[in-house]
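Novice: To start, I am sharing the structure in question, which I have written as C-alpha cells.
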Amino acid sequence: MGLLAHLIVVPVVMPLVTAALLILLGNKHKRMKSLLNITATVLGLIVAASILRSVDADPSSSGMRVYLASNWEAPFGIVLVADRLSALLLVVVGVVSLGAALYAEAAWGRAGVYFHALFQIQLMGLNGAFLTGDLFNLFVFFEVMLAASYGLQLHGSGWPRVRSGMHYIAVNLLASSLFLIGLAMLYGVTGTLSMADLASKVALIPASDRGLLHAGAAILAVAFLTKAAAWPLNAWLVPAYTATSAPVAALFALMTKVGVYALLRCSTLLFSDTSPSPRFGGSVLLYGGLLTLAFGAIGVLSARRVGRVAGFSLIVSSGTLLAAFGLGVPAVTAAALYYLVSATFAVSALFLVVELLERMTTQPHIDAGASPIDVEPEVDEDTNLDEEEAPLVGRVFSPSLARLGLTFMVCMLLVAGLPPLSGFIAKVSLLTSIVDAARTTPTPTAVWTMAALLLLATLASTIALSTAGIRHFWKNSDRLAPRIQVIEAMAIVGLLAACMALTAWAEPVLRYTRAAANDLHAPQHYVDAVMSTQPRPGPTRPVIAQPPVTP
C-alpha cells in the first residue's frame with residue numbers, strides 16, 4: 001500500500017524530470033532524446049495501468065487513492081486523488097501519447113530542438129489535471145499543459161500554422177483569465193478551493209451568497225467549455241488542429257477531454273442531487289452539448305479535407321459527452337465514458353492517418369510501363385471504363401496502398417460508430433441508456449433529440465469519410481503509395497489495437513465505467529476519502545493518540 005500510495009505522484013513527477021533531462025541534452029544526441037521520450041512515455045503508461053488496476057481491485061465501493069503532497073492534510077495541502085475516472089483517463093493519456101511519440105520519432109521529433117521536452121511537459125499537465133484534487137492546482141496544470149501546447153502547435157513552419165496558432169493562444173489566454181476570475185469568486189464565497197472541501201461547504205453557504213457562488217461556477221464553466229470545444233466557443237479548434245503536425249494533433253485530441261473532465265468532476269461534486277443547488281447548470285450542458293453535436297455533424301458533412309473531418313469529429317465527441325453528462329443519469333454517464341475512450345483513440349489514429357493520405361496526394365502518378373504489374377489489360381466491348389476510358393477491372397493496388405486503405409477503413413468504422421468495432425458498441429450503449437432515460441427524465445424531448453443527432457452524426461461521418469476514401473484511394477489509385485516508416489505504422493496500429501481491445505473486452509470495460517459513474521454520482525465517497533486521509537507520522541509530526549471510543 002505504501003508503494004502504491006507514492007505511485008500516484010509518478011505521472012506528474014516523471015514527465016517533469018524527463019523534460020529537464022531532455023533540455024539538458026540540448027541540440028545534441030537526437031537519437032538519445034527520442035529514446036528517452038519514448039521510454040518515459042512507456043513507463044508512464046505502465047504506471048497508469050498499475051494505478052487503474054489498484055483502484056479497480058479495491059474492495060471498497062469508492063476505490064480511491066489519495067496522496068498528500070508535503071504530508072499536509074486536506075484542505076491545507078496539495079492533494080492528488082486517483083479514483084476510477086482519473087485512473088481511466090491516465091491510461092487514455094498513456095496510450096495516445098505513446099502512439100504520438102512513436103509517430104514523431106520518424107521525422108517530427110527532429111524538426112525542433114525542444115519537441116520532446118515540450119511533449120513531456122504536456123503530459124505532465126494532462127496527468128496533473130486528471131489527478132489534482134484542488135481547483136487552483138487544476139488551474140496550474142491547465143497552464144502547464146497550455147504553455148507546452150503553444151510550443152507544440154507552432155512546431156514546424158508555415159504561415160497557416162502561425163496564424164491558427166495565434167488564434168489558439170488568444171482564445172486560451174482569455175479562457176485562463178476567466179478561470180482565475182471564477183476561482184477568485186468561489187474562494188471569496190467559500191474560503192477554500194479544495195474540491196472535497198468545496199463539496200462539503202456548499203451546503204453551508206447562506207442563501208444571500210448563493211447567487212455569487214452560481215456566478216463564480218458559471219464563469220469557471222465558460223473556461224472549461226472553451227477548452228472542451230463547446231459551441232460557439234470552438235472556432236479555434238479545427239484550424240489549429242489541422243495546421244499542426246500529425247503527432248501533435250493526435251496528442252491534442254486529449255485536451256478537449258480535460259475540459260469535459262473538469263465540468264464532470266466539478267458538477268458532480270458541487271451540484272449533486274443532494275446539494276442545495278441540485279444539478280445547477282445541467283440544462284446548459286445538455287442543450288449546449290446538443291448544439292455542439294449538431295454543429296460538429298454539419299462540419300463533418302461539409303468538410304472536404306480529411307484533416308477537417310477529424311477536427312469536426314472531435315467536436316462531435318465533445319458535444320456527445322457534454323449532452324450525456326448534462327442528463328445526470330449514471331447509466332448514460334457510464335456509456336459516455338466508454339465512448340470517450342473509444343472516440344479519443346479513433347480520432348487520434350485518424351489524425352496520424354491524415355498525414356499519410358496527404359503524403360500520398362503529393363506522390364507522382366505511375367508512368368505507363370513503370371513496372372511489370374502495370375500491363376494494360378485487354379479491352380473489349382464488355383469492359384467497364386472510367387471517365388478517361390481506362391478499364392475499371394484489372395487495376396492493381398500496391399500492397400502498401402492496400403494496407404493504408406484498410407487502416408483508413410478501420411478508422412472510418414471507429415469514428416462513425418459502425419459495426420463491429422468499439423465505436424459501434426459505444427453508440428449502441430449510449431442510445432440504449434438514452435432511451436431508458438427518456439422514460440424518467442423531465443426533458444424527454446431533449447433526450448430524443450440527442451438520440452436523433454447521434455444517428456445523424458453517424459450518417460454524416462460515414463458519408464464524409466467514405467467520400468474521402470473514394471477520393472484518395474479510388475480516384476488516385478494510379479499514384480504511388482506513400483513511403484511509410486515502420487515506426488509510423490506501429491503507432492497507428494497500436495492505437496487501432498487499443499480500439500480492438502475495447503471491442504474484445506467491452507463488457508469488463510463497461511462494468512468499470514459503470515462503477516466510475518456510480519462513484520461520480522455519489523460524491524460523498526470522494527469527500528470522505530480526501531478529508532479522512534491523515535498525514536504520515538514523521539520526525540516533525542508526532543503520532544497523536546486517539547481517544548478511546550466508548551461503546
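Chain labels A, B, ... are given in the sequence in which chains occur in the C-alpha cells; within each chain residues are numbered consecutively from 1, and ligands are likewise numbered from 1 in the order shown.
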Using only C-alpha atoms, which residues sit within 10 Å of A:Leu154 once same-chain residues fewer than 5 positions away are excluded, as a VMD selection string?

Specialist: chain A and resid 149 159 to 166 240 243 to 245 248

Novice: As a PyMOL selection string, please: the residues near A:Phe408 (cut-off 8 Å, only C-alpha atoms, same-chain neighbours under 2 positions excluded).

Specialist: chain A and resi 350+353+404-406+410-412+469

Novice: Please save N, CA and C atoms of the selected residues as a PDB file, in the first residue's frame.

Specialist:
ATOM      1  N   LEU A 350      -6.861   8.649 -36.541  1.00  0.00           N
ATOM      2  CA  LEU A 350      -7.235   9.294 -37.804  1.00  0.00           C
ATOM      3  C   LEU A 350      -6.330  10.477 -38.108  1.00  0.00           C
ATOM      4  N   VAL A 353      -3.273   9.091 -39.634  1.00  0.00           N
ATOM      5  CA  VAL A 353      -3.506   8.598 -40.990  1.00  0.00           C
ATOM      6  C   VAL A 353      -3.639   9.756 -41.973  1.00  0.00           C
ATOM      7  N   LEU A 404      -2.790   0.746 -46.296  1.00  0.00           N
ATOM      8  CA  LEU A 404      -3.207   2.082 -45.870  1.00  0.00           C
ATOM      9  C   LEU A 404      -4.715   2.252 -46.032  1.00  0.00           C
ATOM     10  N   GLY A 405      -5.260   1.729 -47.119  1.00  0.00           N
ATOM     11  CA  GLY A 405      -6.705   1.794 -47.307  1.00  0.00           C
ATOM     12  C   GLY A 405      -7.461   1.028 -46.247  1.00  0.00           C
ATOM     13  N   LEU A 406      -6.940  -0.137 -45.873  1.00  0.00           N
ATOM     14  CA  LEU A 406      -7.580  -0.913 -44.813  1.00  0.00           C
ATOM     15  C   LEU A 406      -7.530  -0.168 -43.487  1.00  0.00           C
ATOM     16  N   VAL A 410     -10.746   1.096 -41.177  1.00  0.00           N
ATOM     17  CA  VAL A 410     -10.944   0.812 -39.752  1.00  0.00           C
ATOM     18  C   VAL A 410     -11.178   2.105 -38.982  1.00  0.00           C
ATOM     19  N   CYS A 411     -10.397   3.144 -39.307  1.00  0.00           N
ATOM     20  CA  CYS A 411     -10.616   4.441 -38.664  1.00  0.00           C
ATOM     21  C   CYS A 411     -12.023   4.964 -38.953  1.00  0.00           C
ATOM     22  N   MET A 412     -12.485   4.795 -40.187  1.00  0.00           N
ATOM     23  CA  MET A 412     -13.825   5.248 -40.553  1.00  0.00           C
ATOM     24  C   MET A 412     -14.889   4.526 -39.735  1.00  0.00           C
ATOM     25  N   GLY A 469     -12.411   8.489 -48.732  1.00  0.00           N
ATOM     26  CA  GLY A 469     -11.766   7.248 -49.139  1.00  0.00           C
ATOM     27  C   GLY A 469     -11.812   7.040 -50.642  1.00  0.00           C
TER      28      GLY A 469
END

Novice: Please provide the set of residues having any atom within 12 Å of stretch 440-445 of chain A, restricted to only C-alpha atoms, with same-chain residues fewer than 6 positions apart removed, written as JSON, numbers by chain.

Specialist: {"A": [282, 283, 286, 287, 290, 326, 327, 328, 329, 332, 433, 434, 451, 452]}

Novice: Go ahead and write the residues just picked, N, CA and C atoms, as a PDB file, in the first residue's frame.

Specialist:
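Result file again.pdb:
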ATOM      1  N   GLY A 282     -26.967  21.925 -15.328  1.00  0.00           N
ATOM      2  CA  GLY A 282     -27.133  20.690 -16.081  1.00  0.00           C
ATOM      3  C   GLY A 282     -27.830  20.916 -17.419  1.00  0.00           C
ATOM      4  N   SER A 283     -28.825  21.793 -17.439  1.00  0.00           N
ATOM      5  CA  SER A 283     -29.533  22.060 -18.694  1.00  0.00           C
ATOM      6  C   SER A 283     -28.632  22.774 -19.695  1.00  0.00           C
ATOM      7  N   LEU A 286     -26.575  20.094 -21.223  1.00  0.00           N
ATOM      8  CA  LEU A 286     -27.381  19.269 -22.113  1.00  0.00           C
ATOM      9  C   LEU A 286     -27.634  19.975 -23.441  1.00  0.00           C
ATOM     10  N   TYR A 287     -28.195  21.178 -23.391  1.00  0.00           N
ATOM     11  CA  TYR A 287     -28.554  21.864 -24.638  1.00  0.00           C
ATOM     12  C   TYR A 287     -27.307  22.396 -25.357  1.00  0.00           C
ATOM     13  N   LEU A 290     -25.997  19.469 -27.208  1.00  0.00           N
ATOM     14  CA  LEU A 290     -26.781  19.173 -28.408  1.00  0.00           C
ATOM     15  C   LEU A 290     -26.426  20.122 -29.549  1.00  0.00           C
ATOM     16  N   GLY A 326     -24.768  16.101 -19.138  1.00  0.00           N
ATOM     17  CA  GLY A 326     -25.799  17.032 -18.719  1.00  0.00           C
ATOM     18  C   GLY A 326     -27.088  16.367 -18.292  1.00  0.00           C
ATOM     19  N   LEU A 327     -27.320  15.151 -18.771  1.00  0.00           N
ATOM     20  CA  LEU A 327     -28.528  14.436 -18.345  1.00  0.00           C
ATOM     21  C   LEU A 327     -28.474  14.056 -16.872  1.00  0.00           C
ATOM     22  N   GLY A 328     -27.267  13.804 -16.355  1.00  0.00           N
ATOM     23  CA  GLY A 328     -27.127  13.466 -14.938  1.00  0.00           C
ATOM     24  C   GLY A 328     -27.625  12.094 -14.577  1.00  0.00           C
ATOM     25  N   VAL A 329     -27.632  11.161 -15.510  1.00  0.00           N
ATOM     26  CA  VAL A 329     -28.095   9.790 -15.266  1.00  0.00           C
ATOM     27  C   VAL A 329     -26.876   8.876 -15.238  1.00  0.00           C
ATOM     28  N   VAL A 332     -26.219   6.673 -18.376  1.00  0.00           N
ATOM     29  CA  VAL A 332     -25.767   7.437 -19.538  1.00  0.00           C
ATOM     30  C   VAL A 332     -24.322   7.870 -19.348  1.00  0.00           C
ATOM     31  N   SER A 433     -28.990   3.532 -23.230  1.00  0.00           N
ATOM     32  CA  SER A 433     -29.156   4.233 -21.951  1.00  0.00           C
ATOM     33  C   SER A 433     -29.979   5.512 -22.117  1.00  0.00           C
ATOM     34  N   ILE A 434     -29.855   6.170 -23.282  1.00  0.00           N
ATOM     35  CA  ILE A 434     -30.644   7.381 -23.517  1.00  0.00           C
ATOM     36  C   ILE A 434     -32.129   7.055 -23.632  1.00  0.00           C
ATOM     37  N   ALA A 451     -30.672  11.475 -29.213  1.00  0.00           N
ATOM     38  CA  ALA A 451     -30.606  10.196 -29.920  1.00  0.00           C
ATOM     39  C   ALA A 451     -30.636  10.399 -31.436  1.00  0.00           C
ATOM     40  N   ALA A 452     -31.493  11.306 -31.898  1.00  0.00           N
ATOM     41  CA  ALA A 452     -31.571  11.567 -33.339  1.00  0.00           C
ATOM     42  C   ALA A 452     -30.277  12.190 -33.855  1.00  0.00           C
TER      43      ALA A 452
END

Novice: Extract, using only C-alpha atoms, all DNA, RNA and protein residues at most 8 Å from stretch 425-430 of chain A, discarding same-chain residues fewer than 2 positions from it, and format them as number ranges by chain.

Specialist: A: 332, 335-336, 338-339, 342, 417, 419-423, 432-434, 454, 503, 506

Novice: Find the residue from A:Val189, A:Ala230, A:Val415, A:Val12 that sits nearest to A:Ser208; use only C-alpha atoms when measuring.

Specialist: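 Closest candidate: A:Val189.
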
Novice: Show which residues sit within 6 Å of stretch 513-522 of chain A, as a tab-separated table (two decimals) with N, CA and C atoms, in the first residue's frame. Count only C-alpha atoms, and ignore same-chain residues fewer than 6 positions away.

Specialist:
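Writing done, so here's around_7.tsv:
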chain	number	residue	atom	x	y	z
A	84	ARG	N	-11.58	5.93	-9.99
A	84	ARG	CA	-11.75	5.15	-11.22
A	84	ARG	C	-11.74	6.04	-12.46
A	85	LEU	N	-12.33	7.23	-12.36
A	85	LEU	CA	-12.37	8.11	-13.52
A	85	LEU	C	-10.98	8.63	-13.86
A	330	PRO	N	-26.67	8.10	-14.16
A	330	PRO	CA	-25.47	7.26	-14.07
A	330	PRO	C	-25.28	6.31	-15.24
A	333	THR	N	-23.96	8.27	-18.15
A	333	THR	CA	-22.58	8.65	-17.86
A	333	THR	C	-21.63	7.49	-18.10
A	334	ALA	N	-22.02	6.29	-17.68
A	334	ALA	CA	-21.17	5.11	-17.87
A	334	ALA	C	-20.94	4.83	-19.35

Novice: So what do you get for atom CA of A:Pro278 versus atom CA of A:Thr192, distance-wise?

Specialist: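 Rounded to one decimal, the two atoms are 20.4 Å apart.
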
Novice: Write out as an MDAnalysis selection string all residues of stretch 225-293 of chain A that DSSP puts in helix (DSSP H, G or I) for this structure's backbone.

Specialist: chainID A and resid 225:227 237:243 246:252 255:270 282:293

Novice: Could you name the residues that touch A:Leu263 at 8 Å or less, counting only C-alpha atoms, but leaving out those on the same chain fewer than 2 positions away, as a VMD selection string?

Specialist: chain A and resid 221 224 to 225 259 to 261 265 to 267

Novice: Take the residues from that selection and write them out as an mmCIF file, in the first residue's frame, keeping N, CA and C atoms.

Specialist:
data_model
loop_
_atom_site.group_PDB
_atom_site.id
_atom_site.type_symbol
_atom_site.label_atom_id
_atom_site.label_comp_id
_atom_site.auth_asym_id
_atom_site.auth_seq_id
_atom_site.Cartn_x
_atom_site.Cartn_y
_atom_site.Cartn_z
ATOM 1 N N ALA A 221 -17.196 27.579 -15.561
ATOM 2 C CA ALA A 221 -17.693 26.655 -16.582
ATOM 3 C C ALA A 221 -17.431 27.168 -17.989
ATOM 4 N N PHE A 224 -14.028 26.123 -18.886
ATOM 5 C CA PHE A 224 -13.993 24.690 -19.184
ATOM 6 C C PHE A 224 -14.652 24.392 -20.533
ATOM 7 N N LEU A 225 -15.766 25.065 -20.819
ATOM 8 C CA LEU A 225 -16.464 24.830 -22.087
ATOM 9 C C LEU A 225 -15.616 25.267 -23.277
ATOM 10 N N GLY A 259 -11.221 19.586 -20.526
ATOM 11 C CA GLY A 259 -12.351 20.460 -20.241
ATOM 12 C C GLY A 259 -13.607 19.690 -19.888
ATOM 13 N N VAL A 260 -13.874 18.607 -20.609
ATOM 14 C CA VAL A 260 -15.038 17.775 -20.305
ATOM 15 C C VAL A 260 -14.903 17.156 -18.917
ATOM 16 N N TYR A 261 -13.695 16.670 -18.595
ATOM 17 C CA TYR A 261 -13.462 16.072 -17.272
ATOM 18 C C TYR A 261 -13.688 17.090 -16.161
ATOM 19 N N ARG A 265 -16.352 16.594 -13.203
ATOM 20 C CA ARG A 265 -15.895 16.496 -11.820
ATOM 21 C C ARG A 265 -16.520 17.572 -10.942
ATOM 22 N N CYS A 266 -16.483 18.817 -11.403
ATOM 23 C CA CYS A 266 -16.995 19.919 -10.586
ATOM 24 C C CYS A 266 -18.516 19.865 -10.449
ATOM 25 N N SER A 267 -19.213 19.509 -11.516
ATOM 26 C CA SER A 267 -20.675 19.480 -11.441
ATOM 27 C C SER A 267 -21.172 18.379 -10.509
#

Novice: Name the residues of stretch 46-204 of chain A that fall into strand (DSSP E) according to DSSP on the backbone, using the chain letters and numbers of this document, as number ranges by chain.

Specialist: A: 65-68, 79-82

Novice: Pick out the residues sitting within 8 Å of A:Ser317, and hand them over as a list of chain:residue names; count only C-alpha atoms, and ignore anything fewer than 6 positions along from it in its own chain.

Specialist: A:Leu293, A:Leu340, A:Ala343

Novice: Store the residues of this selection in a file with N, CA and C atoms, as a PDB file, in the first residue's frame.

Specialist:
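File selection07.pdb, as written:
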ATOM      1  N   LEU A 293     -23.036  19.107 -30.821  1.00  0.00           N
ATOM      2  CA  LEU A 293     -23.159  17.881 -31.607  1.00  0.00           C
ATOM      3  C   LEU A 293     -23.699  18.179 -33.001  1.00  0.00           C
ATOM      4  N   LEU A 340     -16.005   7.945 -24.626  1.00  0.00           N
ATOM      5  CA  LEU A 340     -14.862   8.861 -24.537  1.00  0.00           C
ATOM      6  C   LEU A 340     -13.558   8.155 -24.884  1.00  0.00           C
ATOM      7  N   ALA A 343     -13.619   7.011 -28.736  1.00  0.00           N
ATOM      8  CA  ALA A 343     -13.544   8.140 -29.661  1.00  0.00           C
ATOM      9  C   ALA A 343     -12.177   8.806 -29.623  1.00  0.00           C
TER      10      ALA A 343
END

Novice: Using only C-alpha atoms, which of the listed residues (A:Ala246, A:Ile169, A:Val447, A:Ala57) sits closest to A:Trp108?

Specialist: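 With only C-alpha atoms as the atom set, the closest residue is A:Ala246.
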
Novice: Considering only C-alpha atoms, can you say which of A:Met124, A:Val486, A:Val144, A:Met409 comes closest to A:Ala468?

Specialist: A:Met409

Novice: Can you work out which one of A:Ala74, A:Ile463, A:Ala249, A:Val258 has the shortest atom-to-atom distance to A:Met531, counting only C-alpha atoms?

Specialist: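 Residue with the minimum atom-to-atom distance to A:Met531: A:Ala74.
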
Novice: Which residue, A:Ala253, A:Leu337, A:Ile23, A:Leu68, has the smallest gap to A:His6 when you use only C-alpha atoms?

Specialist: A:Leu68

Novice: Return the single residue from A:His116, A:Lys227, A:Arg536, A:Arg471 that is closest to A:Arg304, with distances computed using only C-alpha atoms.

Specialist: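 Closest residue, counting only C-alpha atoms: A:Arg471.
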